[in-house]
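Dumped run33.cif below, it's mmCIF, C-alpha atoms (C1' of nucleotides):
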data_data
loop_
_atom_site.group_PDB
_atom_site.id
_atom_site.type_symbol
_atom_site.label_atom_id
_atom_site.label_comp_id
_atom_site.auth_asym_id
_atom_site.auth_seq_id
_atom_site.Cartn_x
_atom_site.Cartn_y
_atom_site.Cartn_z
ATOM 1 C CA MET A 1 -1.899 -10.303 -15.574
ATOM 2 C CA ALA A 2 -3.261 -13.255 -13.718
ATOM 3 C CA ALA A 3 -2.449 -16.215 -15.923
ATOM 4 C CA ASP A 4 -5.101 -18.688 -14.826
ATOM 5 C CA ALA A 5 -7.926 -19.384 -17.237
ATOM 6 C CA LEU A 6 -10.767 -18.265 -15.008
ATOM 7 C CA SER A 7 -9.146 -14.913 -14.280
ATOM 8 C CA GLN A 8 -8.650 -14.314 -17.965
ATOM 9 C CA VAL A 9 -12.264 -15.070 -18.785
ATOM 10 C CA PHE A 10 -13.619 -12.838 -16.026
ATOM 11 C CA ALA A 11 -11.192 -10.063 -16.929
ATOM 12 C CA ALA A 12 -12.125 -10.304 -20.591
ATOM 13 C CA LEU A 13 -15.802 -9.872 -19.770
ATOM 14 C CA ALA A 14 -15.191 -7.052 -17.310
ATOM 15 C CA ASP A 15 -15.053 -4.601 -20.203
ATOM 16 C CA PRO A 16 -18.402 -3.399 -21.594
ATOM 17 C CA THR A 17 -17.078 -3.061 -25.128
ATOM 18 C CA ARG A 18 -15.799 -6.607 -25.090
ATOM 19 C CA ARG A 19 -19.049 -7.820 -23.589
ATOM 20 C CA ASP A 20 -20.932 -6.107 -26.368
ATOM 21 C CA MET A 21 -18.718 -7.775 -28.944
ATOM 22 C CA VAL A 22 -19.453 -11.141 -27.403
ATOM 23 C CA ALA A 23 -23.153 -10.306 -27.503
ATOM 24 C CA ARG A 24 -22.939 -9.502 -31.196
ATOM 25 C CA LEU A 25 -20.837 -12.542 -31.959
ATOM 26 C CA ALA A 26 -23.499 -14.683 -30.344
ATOM 27 C CA VAL A 27 -25.720 -13.601 -33.228
ATOM 28 C CA ALA A 28 -23.234 -13.972 -36.035
ATOM 29 C CA ASP A 29 -19.530 -14.234 -36.795
ATOM 30 C CA ALA A 30 -17.972 -10.969 -37.889
ATOM 31 C CA SER A 31 -14.795 -9.435 -39.245
ATOM 32 C CA VAL A 32 -12.679 -7.038 -37.225
ATOM 33 C CA ASN A 33 -13.894 -4.042 -39.206
ATOM 34 C CA GLU A 34 -17.516 -5.061 -38.826
ATOM 35 C CA LEU A 35 -17.014 -5.455 -35.116
ATOM 36 C CA ALA A 36 -15.293 -2.102 -34.830
ATOM 37 C CA GLU A 37 -17.911 -0.158 -36.734
ATOM 38 C CA PRO A 38 -20.349 0.701 -33.895
ATOM 39 C CA TYR A 39 -17.700 1.774 -31.422
ATOM 40 C CA ASP A 40 -16.038 5.119 -31.108
ATOM 41 C CA VAL A 41 -12.517 3.701 -31.056
ATOM 42 C CA THR A 42 -9.953 2.828 -33.669
ATOM 43 C CA VAL A 43 -9.835 -0.539 -35.373
ATOM 44 C CA GLN A 44 -6.528 -1.168 -33.631
ATOM 45 C CA ALA A 45 -8.184 -0.867 -30.252
ATOM 46 C CA VAL A 46 -10.800 -3.401 -31.303
ATOM 47 C CA SER A 47 -8.042 -5.683 -32.511
ATOM 48 C CA LYS A 48 -6.527 -5.483 -29.036
ATOM 49 C CA HIS A 49 -9.860 -6.300 -27.435
ATOM 50 C CA LEU A 50 -10.076 -9.319 -29.663
ATOM 51 C CA LYS A 51 -6.676 -10.479 -28.539
ATOM 52 C CA VAL A 52 -7.916 -10.377 -24.974
ATOM 53 C CA LEU A 53 -11.046 -12.337 -25.853
ATOM 54 C CA GLU A 54 -8.969 -14.809 -27.825
ATOM 55 C CA GLY A 55 -6.498 -15.180 -24.972
ATOM 56 C CA ALA A 56 -9.393 -16.049 -22.709
ATOM 57 C CA GLY A 57 -10.572 -18.649 -25.205
ATOM 58 C CA LEU A 58 -13.827 -16.829 -25.775
ATOM 59 C CA VAL A 59 -13.338 -16.381 -29.503
ATOM 60 C CA SER A 60 -11.394 -18.059 -32.264
ATOM 61 C CA ARG A 61 -10.335 -16.759 -35.646
ATOM 62 C CA SER A 62 -10.179 -18.316 -39.048
ATOM 63 C CA ARG A 63 -8.767 -17.043 -42.292
ATOM 64 C CA ASP A 64 -10.805 -15.784 -45.238
ATOM 65 C CA ALA A 65 -8.525 -13.942 -47.664
ATOM 66 C CA GLN A 66 -7.302 -10.856 -45.825
ATOM 67 C CA ARG A 67 -10.217 -11.103 -43.455
ATOM 68 C CA ARG A 68 -9.934 -12.828 -40.041
ATOM 69 C CA PRO A 69 -13.512 -13.736 -39.126
ATOM 70 C CA VAL A 70 -14.146 -13.881 -35.404
ATOM 71 C CA HIS A 71 -16.125 -16.767 -33.999
ATOM 72 C CA LEU A 72 -17.573 -17.102 -30.518
ATOM 73 C CA GLU A 73 -16.508 -20.133 -28.506
ATOM 74 C CA ALA A 74 -19.355 -20.686 -26.099
ATOM 75 C CA GLU A 75 -17.830 -23.594 -24.187
ATOM 76 C CA VAL A 76 -15.588 -21.395 -22.047
ATOM 77 C CA PHE A 77 -18.690 -19.992 -20.428
ATOM 78 C CA ASP A 78 -18.998 -23.311 -18.650
ATOM 79 C CA LEU A 79 -15.842 -22.573 -16.707
ATOM 80 C CA MET A 80 -17.461 -19.502 -15.204
ATOM 81 C CA THR A 81 -20.844 -21.057 -14.735
ATOM 82 C CA LYS A 82 -19.318 -23.954 -12.843
ATOM 83 C CA TRP A 83 -17.375 -21.668 -10.547
ATOM 84 C CA ILE A 84 -20.348 -19.425 -9.923
ATOM 85 C CA GLU A 85 -22.790 -22.226 -9.294
ATOM 86 C CA ARG A 86 -20.395 -23.944 -6.953
ATOM 87 C CA TYR A 87 -20.038 -21.056 -4.564
ATOM 88 C CA ARG A 88 -23.500 -19.691 -4.897
ATOM 89 C CA GLY A 89 -24.846 -23.119 -4.112
ATOM 90 C CA GLN A 90 -22.544 -23.428 -1.145
ATOM 91 C CA ALA A 91 -23.541 -20.026 0.198
ATOM 92 C CA GLU A 92 -27.243 -20.594 -0.267
ATOM 93 C CA GLU A 93 -27.013 -23.939 1.427
ATOM 94 C CA ARG A 94 -25.350 -22.248 4.353
ATOM 95 C CA TYR A 95 -28.008 -19.529 4.608
ATOM 96 C CA ARG A 96 -30.714 -22.146 4.414
ATOM 97 C CA ARG A 97 -29.220 -24.005 7.340
ATOM 98 C CA LEU A 98 -28.882 -20.760 9.256
ATOM 99 C CA ASP A 99 -32.538 -20.024 8.672
ATOM 100 C CA ASP A 100 -33.431 -23.475 9.923
ATOM 101 C CA LEU A 101 -31.412 -22.862 13.036
ATOM 102 C CA LEU A 102 -33.097 -19.525 13.699
ATOM 103 C CA GLN A 103 -36.468 -21.185 13.304
ATOM 104 C CA THR A 104 -35.698 -23.519 16.187
ATOM 105 C CA ILE A 105 -34.810 -20.748 18.621
ATOM 106 C CA PRO A 106 -37.663 -20.090 21.086
ATOM 107 C CA ASP A 107 -39.096 -16.574 21.334
ATOM 108 C CA ASP A 108 -37.624 -15.594 24.699
ATOM 109 C CA VAL A 109 -34.077 -15.890 23.358
ATOM 110 C CA GLN A 110 -34.718 -13.136 20.800
ATOM 111 C CA SER A 111 -33.298 -10.307 22.858
ATOM 112 C CA SER A 112 -30.785 -8.543 20.608
ATOM 113 C CA PRO A 113 -32.069 -5.821 18.307
ATOM 114 C CA PRO A 114 -33.083 -6.898 14.818
ATOM 115 C CA HIS A 115 -30.343 -7.068 12.254
ATOM 116 C CA SER A 116 -30.194 -4.221 9.768
ATOM 117 C CA PRO A 117 -32.037 -5.132 6.587
ATOM 118 C CA GLN A 118 -29.445 -6.092 4.014
ATOM 119 C CA THR A 119 -29.800 -5.460 0.304
ATOM 120 C CA GLY A 120 -30.879 -9.015 -0.260
ATOM 121 C CA ALA A 121 -34.480 -9.896 -0.808
ATOM 122 C CA PRO A 122 -35.645 -13.182 0.676
ATOM 123 C CA THR A 123 -35.672 -16.100 -1.729
ATOM 124 C CA MET B 1 -13.161 1.634 -14.172
ATOM 125 C CA ALA B 2 -16.346 0.904 -16.009
ATOM 126 C CA ALA B 3 -19.132 1.873 -13.658
ATOM 127 C CA ASP B 4 -21.858 -0.531 -14.741
ATOM 128 C CA ALA B 5 -22.776 -3.271 -12.330
ATOM 129 C CA LEU B 6 -21.905 -6.201 -14.544
ATOM 130 C CA SER B 7 -18.434 -4.861 -15.294
ATOM 131 C CA GLN B 8 -17.780 -4.405 -11.615
ATOM 132 C CA VAL B 9 -18.810 -7.945 -10.776
ATOM 133 C CA PHE B 10 -16.717 -9.480 -13.538
ATOM 134 C CA ALA B 11 -13.745 -7.284 -12.666
ATOM 135 C CA ALA B 12 -14.045 -8.175 -8.994
ATOM 136 C CA LEU B 13 -13.905 -11.882 -9.792
ATOM 137 C CA ALA B 14 -11.060 -11.511 -12.276
ATOM 138 C CA ASP B 15 -8.601 -11.541 -9.398
ATOM 139 C CA PRO B 16 -7.669 -14.976 -7.989
ATOM 140 C CA THR B 17 -7.199 -13.655 -4.463
ATOM 141 C CA ARG B 18 -10.648 -12.089 -4.494
ATOM 142 C CA ARG B 19 -12.107 -15.254 -5.957
ATOM 143 C CA ASP B 20 -10.520 -17.226 -3.169
ATOM 144 C CA MET B 21 -11.999 -14.870 -0.610
ATOM 145 C CA VAL B 22 -15.430 -15.366 -2.115
ATOM 146 C CA ALA B 23 -14.889 -19.111 -2.004
ATOM 147 C CA ARG B 24 -14.036 -18.930 1.678
ATOM 148 C CA LEU B 25 -16.902 -16.572 2.449
ATOM 149 C CA ALA B 26 -19.260 -19.055 0.874
ATOM 150 C CA VAL B 27 -18.347 -21.348 3.780
ATOM 151 C CA ALA B 28 -18.517 -18.806 6.561
ATOM 152 C CA ASP B 29 -18.449 -15.095 7.283
ATOM 153 C CA ALA B 30 -15.063 -13.807 8.339
ATOM 154 C CA SER B 31 -13.267 -10.770 9.673
ATOM 155 C CA VAL B 32 -10.725 -8.864 7.605
ATOM 156 C CA ASN B 33 -7.808 -10.288 9.563
ATOM 157 C CA GLU B 34 -9.107 -13.813 9.238
ATOM 158 C CA LEU B 35 -9.492 -13.305 5.522
ATOM 159 C CA ALA B 36 -6.022 -11.856 5.193
ATOM 160 C CA GLU B 37 -4.266 -14.591 7.112
ATOM 161 C CA PRO B 38 -3.628 -17.108 4.296
ATOM 162 C CA TYR B 39 -2.366 -14.570 1.782
ATOM 163 C CA ASP B 40 1.088 -13.182 1.434
ATOM 164 C CA VAL B 41 -0.055 -9.558 1.353
ATOM 165 C CA THR B 42 -0.712 -6.898 3.958
ATOM 166 C CA VAL B 43 -4.051 -6.494 5.666
ATOM 167 C CA GLN B 44 -4.419 -3.168 3.880
ATOM 168 C CA ALA B 45 -4.275 -4.902 0.519
ATOM 169 C CA VAL B 46 -6.990 -7.295 1.642
ATOM 170 C CA SER B 47 -9.034 -4.350 2.819
ATOM 171 C CA LYS B 48 -8.742 -2.906 -0.681
ATOM 172 C CA HIS B 49 -9.834 -6.178 -2.225
ATOM 173 C CA LEU B 50 -12.846 -6.135 0.037
ATOM 174 C CA LYS B 51 -13.737 -2.670 -1.113
ATOM 175 C CA VAL B 52 -13.757 -3.936 -4.672
ATOM 176 C CA LEU B 53 -15.953 -6.889 -3.734
ATOM 177 C CA GLU B 54 -18.244 -4.608 -1.774
ATOM 178 C CA GLY B 55 -18.441 -2.133 -4.642
ATOM 179 C CA ALA B 56 -19.548 -4.969 -6.877
ATOM 180 C CA GLY B 57 -22.211 -5.915 -4.359
ATOM 181 C CA LEU B 58 -20.648 -9.305 -3.763
ATOM 182 C CA VAL B 59 -20.135 -8.807 -0.046
ATOM 183 C CA SER B 60 -21.623 -6.693 2.706
ATOM 184 C CA ARG B 61 -20.215 -5.707 6.064
ATOM 185 C CA SER B 62 -21.753 -5.341 9.453
ATOM 186 C CA ARG B 63 -20.344 -4.026 12.681
ATOM 187 C CA ASP B 64 -19.282 -6.129 15.649
ATOM 188 C CA ALA B 65 -17.223 -4.030 18.039
ATOM 189 C CA GLN B 66 -14.039 -3.146 16.187
ATOM 190 C CA ARG B 67 -14.571 -6.073 13.877
ATOM 191 C CA ARG B 68 -16.261 -5.651 10.472
ATOM 192 C CA PRO B 69 -17.472 -9.152 9.576
ATOM 193 C CA VAL B 70 -17.657 -9.775 5.862
ATOM 194 C CA HIS B 71 -20.713 -11.513 4.484
ATOM 195 C CA LEU B 72 -21.183 -12.971 1.013
ATOM 196 C CA GLU B 73 -24.144 -11.690 -0.992
ATOM 197 C CA ALA B 74 -24.922 -14.479 -3.380
ATOM 198 C CA GLU B 75 -27.713 -12.748 -5.279
ATOM 199 C CA VAL B 76 -25.344 -10.714 -7.447
ATOM 200 C CA PHE B 77 -24.222 -13.929 -9.058
ATOM 201 C CA ASP B 78 -27.568 -13.972 -10.818
ATOM 202 C CA LEU B 79 -26.579 -10.909 -12.785
ATOM 203 C CA MET B 80 -23.666 -12.764 -14.285
ATOM 204 C CA THR B 81 -25.480 -16.016 -14.712
ATOM 205 C CA LYS B 82 -28.262 -14.283 -16.608
ATOM 206 C CA TRP B 83 -25.834 -12.534 -18.930
ATOM 207 C CA ILE B 84 -23.847 -15.691 -19.541
ATOM 208 C CA GLU B 85 -26.857 -17.895 -20.134
ATOM 209 C CA ARG B 86 -28.390 -15.384 -22.483
ATOM 210 C CA TYR B 87 -25.500 -15.267 -24.892
ATOM 211 C CA ARG B 88 -24.409 -18.831 -24.553
ATOM 212 C CA GLY B 89 -27.955 -19.871 -25.284
ATOM 213 C CA GLN B 90 -28.119 -17.558 -28.259
ATOM 214 C CA ALA B 91 -24.841 -18.831 -29.647
ATOM 215 C CA GLU B 92 -25.750 -22.473 -29.169
ATOM 216 C CA GLU B 93 -29.091 -21.909 -30.807
ATOM 217 C CA ARG B 94 -27.320 -20.408 -33.762
ATOM 218 C CA TYR B 95 -24.916 -23.309 -34.104
ATOM 219 C CA ARG B 96 -27.786 -25.726 -33.854
ATOM 220 C CA ARG B 97 -29.609 -23.985 -36.688
ATOM 221 C CA LEU B 98 -26.426 -23.954 -38.740
ATOM 222 C CA ASP B 99 -26.126 -27.680 -38.279
ATOM 223 C CA ASP B 100 -29.729 -28.116 -39.336
ATOM 224 C CA LEU B 101 -29.112 -26.012 -42.412
ATOM 225 C CA LEU B 102 -26.104 -28.043 -43.412
ATOM 226 C CA GLN B 103 -28.164 -31.195 -43.031
ATOM 227 C CA THR B 104 -30.752 -29.955 -45.522
ATOM 228 C CA ILE B 105 -28.359 -28.943 -48.305
ATOM 229 C CA PRO B 106 -28.676 -31.325 -51.233
ATOM 230 C CA ASP B 107 -25.560 -32.841 -52.786
ATOM 231 C CA ASP B 108 -25.533 -30.872 -56.045
ATOM 232 C CA VAL B 109 -25.139 -27.542 -54.224
ATOM 233 C CA GLN B 110 -21.786 -28.596 -52.870
ATOM 234 C CA SER B 111 -19.668 -27.354 -55.750
ATOM 235 C CA SER B 112 -17.043 -24.810 -54.758
ATOM 236 C CA PRO B 113 -16.089 -25.451 -51.139
ATOM 237 C CA PRO B 114 -13.336 -27.980 -50.490
ATOM 238 C CA HIS B 115 -15.464 -29.292 -47.665
ATOM 239 C CA SER B 116 -16.010 -33.005 -47.497
ATOM 240 C CA PRO B 117 -19.335 -33.969 -49.080
ATOM 241 C CA GLN B 118 -22.341 -34.925 -47.026
ATOM 242 C CA THR B 119 -23.690 -38.387 -46.674
ATOM 243 C CA GLY B 120 -25.555 -39.098 -49.884
ATOM 244 C CA ALA B 121 -29.034 -37.999 -48.853
ATOM 245 C CA PRO B 122 -31.056 -37.346 -52.032
ATOM 246 C CA THR B 123 -33.994 -34.941 -52.210
ATOM 247 C "C1'" DA C 1 3.307 -4.543 -60.880
ATOM 248 C "C1'" DG C 2 0.710 -1.202 -58.361
ATOM 249 C "C1'" DC C 3 -3.170 0.049 -55.569
ATOM 250 C "C1'" DT C 4 -6.674 -0.805 -52.071
ATOM 251 C "C1'" DT C 5 -8.581 -3.275 -48.180
ATOM 252 C "C1'" DC C 6 -8.208 -5.666 -43.834
ATOM 253 C "C1'" DT C 7 -5.559 -6.443 -40.054
ATOM 254 C "C1'" DT C 8 -1.767 -6.405 -36.936
ATOM 255 C "C1'" DC C 9 2.680 -4.617 -34.884
ATOM 256 C "C1'" DA C 10 5.390 -1.090 -32.364
ATOM 257 C "C1'" DA C 11 5.981 2.832 -29.675
ATOM 258 C "C1'" DC C 12 3.986 5.779 -26.836
ATOM 259 C "C1'" DC C 13 0.705 7.827 -23.233
ATOM 260 C "C1'" DA C 14 -2.710 8.455 -19.374
ATOM 261 C "C1'" DA C 15 -5.301 6.239 -16.125
ATOM 262 C "C1'" DA C 16 -6.377 2.409 -13.222
ATOM 263 C "C1'" DA C 17 -5.075 -1.701 -10.443
ATOM 264 C "C1'" DG C 18 -2.608 -3.836 -6.919
ATOM 265 C "C1'" DG C 19 0.768 -3.470 -3.776
ATOM 266 C "C1'" DT C 20 3.582 -1.097 -0.022
ATOM 267 C "C1'" DT C 21 4.485 1.847 4.368
ATOM 268 C "C1'" DG C 22 2.970 4.969 7.902
ATOM 269 C "C1'" DA C 23 -0.544 7.337 10.496
ATOM 270 C "C1'" DC C 24 -4.830 7.146 12.774
ATOM 271 C "C1'" DA C 25 -9.674 6.140 14.182
ATOM 272 C "C1'" DA C 26 -12.737 3.047 16.847
ATOM 273 C "C1'" DC C 27 -13.452 -0.141 20.180
ATOM 274 C "C1'" DG C 28 -12.760 -3.582 24.151
ATOM 275 C "C1'" DC C 29 -9.904 -4.611 28.074
ATOM 276 C "C1'" DC C 30 -7.079 -3.714 32.132
ATOM 277 C "C1'" DG D 1 -6.786 6.767 31.068
ATOM 278 C "C1'" DG D 2 -3.680 3.971 28.631
ATOM 279 C "C1'" DC D 3 -2.927 -0.188 25.666
ATOM 280 C "C1'" DG D 4 -3.634 -3.738 22.317
ATOM 281 C "C1'" DT D 5 -6.561 -5.091 18.473
ATOM 282 C "C1'" DT D 6 -8.977 -4.360 14.222
ATOM 283 C "C1'" DG D 7 -9.560 -1.961 10.302
ATOM 284 C "C1'" DT D 8 -9.243 2.136 7.209
ATOM 285 C "C1'" DC D 9 -7.175 6.311 5.046
ATOM 286 C "C1'" DA D 10 -3.477 8.681 2.542
ATOM 287 C "C1'" DA D 11 0.545 8.946 -0.092
ATOM 288 C "C1'" DC D 12 3.396 6.686 -2.935
ATOM 289 C "C1'" DC D 13 5.268 3.241 -6.390
ATOM 290 C "C1'" DT D 14 5.124 -0.140 -10.247
ATOM 291 C "C1'" DT D 15 2.692 -2.787 -13.609
ATOM 292 C "C1'" DT D 16 -1.274 -3.416 -16.474
ATOM 293 C "C1'" DT D 17 -4.888 -1.704 -19.324
ATOM 294 C "C1'" DG D 18 -7.054 0.687 -22.916
ATOM 295 C "C1'" DG D 19 -6.364 3.974 -25.977
ATOM 296 C "C1'" DT D 20 -3.735 6.615 -29.643
ATOM 297 C "C1'" DT D 21 -0.774 7.288 -34.086
ATOM 298 C "C1'" DG D 22 2.130 5.558 -37.657
ATOM 299 C "C1'" DA D 23 4.137 1.820 -40.322
ATOM 300 C "C1'" DA D 24 3.807 -2.510 -42.354
ATOM 301 C "C1'" DG D 25 2.234 -7.342 -43.706
ATOM 302 C "C1'" DA D 26 -1.014 -10.077 -46.433
ATOM 303 C "C1'" DA D 27 -4.271 -10.781 -49.824
ATOM 304 C "C1'" DG D 28 -7.541 -9.442 -53.521
ATOM 305 C "C1'" DC D 29 -8.410 -6.294 -57.678
ATOM 306 C "C1'" DT D 30 -7.054 -4.020 -62.223
#

Write-out of the structure in structure tokens:
Amino acid sequence: MAADALSQVFAALADPTRRDMVARLAVADASVNELAEPYDVTVQAVSKHLKVLEGAGLVSRSRDAQRRPVHLEAEVFDLMTKWIERYRGQAEERYRRLDDLLQTIPDDVQSSPPHSPQTGAPT
Amino acid sequence: MAADALSQVFAALADPTRRDMVARLAVADASVNELAEPYDVTVQAVSKHLKVLEGAGLVSRSRDAQRRPVHLEAEVFDLMTKWIERYRGQAEERYRRLDDLLQTIPDDVQSSPPHSPQTGAPT
DNA sequence: AGCTTCTTCAACCAAAAGGTTGACAACGCC
DNA sequence: GGCGTTGTCAACCTTTTGGTTGAAGAAGCT
């Protein structure tokens, strides 16, 4: 597995079950059994999912008798957000400049056929 | 793999090589060979990575002779950002309310827990 | 002490991910 | 038409992932 922190966080959230757990933990802490209840997998599988989330720093665990309550650690989200914003910002800046450039081109230069409409909607 | 869009985006970015490609594509479009050049893998491997990124909607490809320029599609980032912000926000809101609650607990309620007592704020 | 509950560990399995090599399609250039 | 360039497809291999079952550790309950 890729050892760097960002890869671990993205990989952890690439699984819908784990994402759902995170969503539920955003509402309230929970025990492993509570977390496992809605899913159609064994408790052991959920325990494994939690190890992945914990390895990514997304959750932490405390001790309450034989229970190991799971707690969401929201700070790690910042790692992702920073990465995302950095490159999105960079890309959008680039497109903006490209648009500016196209605006300055006089009509008679527009000879090539129009570019195929990409999936992206403007702005 | 999990077919839902969000899972695909997270999974695509869970790989450091793919993340690096995205970072470079944020600066400028590039051909497959250009993209492959810095990495110590075959062009075929890079082509596979691009298929993953394309499947996640993170890049698109056009046609320029035998070249297939790769173009970053920044909009998909919003999907992630929305998800992240939603649950981070929820979690932080919850912690905030918990803090508020702890602030309002009068001294005499603090009986059993070995937690350090609050600042003496009477009713 | 003995039982029950909550959780993890270990071994195993099937499928997916990431890589390789080799063949080949598409296109521009002589 | 033949050749180099660019990129993909197919087959294959190895490691990782996500799941299972079964056993066991840890802590509360009687």

Using the chain letters and numbering of this document, enumerate as a CSV table (one decimal) with C-alpha atoms, in the coordinates of the input the residues selected by the PyMOL selection byres ((chain A) within 8 of (chain C)).
chain,number,residue,atom,x,y,z
A,32,VAL,CA,-12.7,-7.0,-37.2
A,33,ASN,CA,-13.9,-4.0,-39.2
A,44,GLN,CA,-6.5,-1.2,-33.6
A,47,SER,CA,-8.0,-5.7,-32.5
A,66,GLN,CA,-7.3,-10.9,-45.8
A,67,ARG,CA,-10.2,-11.1,-43.5
A,68,ARG,CA,-9.9,-12.8,-40.0

At a cut-off of 10 Å, can you tabulate as a tab-separated table every residue of chain D near chain B together with its closest atom pair and the distance in Å to one decimal, using only C-alpha atoms (C1' of nucleotides) and ordering rows by chain then number?
residue	atom	partner	partner_atom	distance
D:DT5	C1'	B:Gln66	CA	8.1
D:DT6	C1'	B:Gln66	CA	5.6
D:DG7	C1'	B:Arg67	CA	7.4
D:DT8	C1'	B:Ser47	CA	7.8
D:DC9	C1'	B:Gln44	CA	9.9

As JSON, what would the box around region 8-16 of chain D look like: edges along x, y and z, 6 Å added on every side, centre and edge lengths in Å to one decimal?
{"center_x": -2.0, "center_y": 2.8, "center_z": -4.6, "size_x": 26.5, "size_y": 24.4, "size_z": 35.7}

Distance table requested - chain B against chain A, cut-off 8 Å, all atoms listed in the file: one row per qualifying residue with the closest atom pair and its distance in Å to one decimal, ordered by chain and rising residue number, as a Markdown table.
| residue | atom | partner | partner_atom | distance |
| --- | --- | --- | --- | --- |
| B:Ala2 | CA | A:Asp15 | CA | 7.0 |
| B:Leu6 | CA | A:Ala14 | CA | 7.3 |
| B:Ser7 | CA | A:Ala14 | CA | 4.4 |
| B:Gln8 | CA | A:Ala14 | CA | 6.8 |
| B:Val9 | CA | A:Ala14 | CA | 7.5 |
| B:Phe10 | CA | A:Ala14 | CA | 4.7 |
| B:Ala11 | CA | A:Ala14 | CA | 4.9 |
| B:Leu13 | CA | A:Phe10 | CA | 6.3 |
| B:Ala14 | CA | A:Ser7 | CA | 4.4 |
| B:Asp15 | CA | A:Ser7 | CA | 6.0 |
| B:Pro16 | CA | A:Ser7 | CA | 6.5 |
| B:Val22 | CA | A:Tyr87 | CA | 7.7 |
| B:Ala23 | CA | A:Tyr87 | CA | 6.1 |
| B:Leu25 | CA | A:Ala91 | CA | 7.8 |
| B:Ala26 | CA | A:Ala91 | CA | 4.4 |
| B:Val27 | CA | A:Ala91 | CA | 6.4 |
| B:Ala28 | CA | A:Arg94 | CA | 8.0 |
| B:Ser60 | CA | A:Gln118 | CA | 8.0 |
| B:Leu72 | CA | A:Ala91 | CA | 7.5 |
| B:Glu73 | CA | A:Gly120 | CA | 7.3 |
| B:Ala74 | CA | A:Arg88 | CA | 5.6 |
| B:Glu75 | CA | A:Gly120 | CA | 7.0 |
| B:Phe77 | CA | A:Ile84 | CA | 6.8 |
| B:Thr81 | CA | A:Thr81 | CA | 6.8 |
| B:Ile84 | CA | A:Phe77 | CA | 6.8 |
| B:Tyr87 | CA | A:Ala26 | CA | 5.8 |
| B:Arg88 | CA | A:Ala74 | CA | 5.6 |
| B:Gln90 | CA | A:Ala26 | CA | 5.8 |
| B:Ala91 | CA | A:Ala26 | CA | 4.4 |
| B:Glu92 | CA | A:Ala74 | CA | 7.3 |
| B:Arg94 | CA | A:Val27 | CA | 7.0 |

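Picture a line from CA of Leu58 (chain A) to CA of Glu34 (chain A); it runs 18.0 Å.
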
**Request:** Would you mind reading off the distance between CA of Gly57 (chain A) and CA of Leu35 (chain A), one decimal, in Å?
**Result:**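 Going from CA of Gly57 (chain A) over to CA of Leu35 (chain A) covers 17.7 Å.
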
**Asked** What is the CA of Val59 (chain B)-CA of Ala30 (chain B) distance in Å, reported with one decimal?
**Response**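 Going from CA of Val59 (chain B) over to CA of Ala30 (chain B) covers 11.0 Å.
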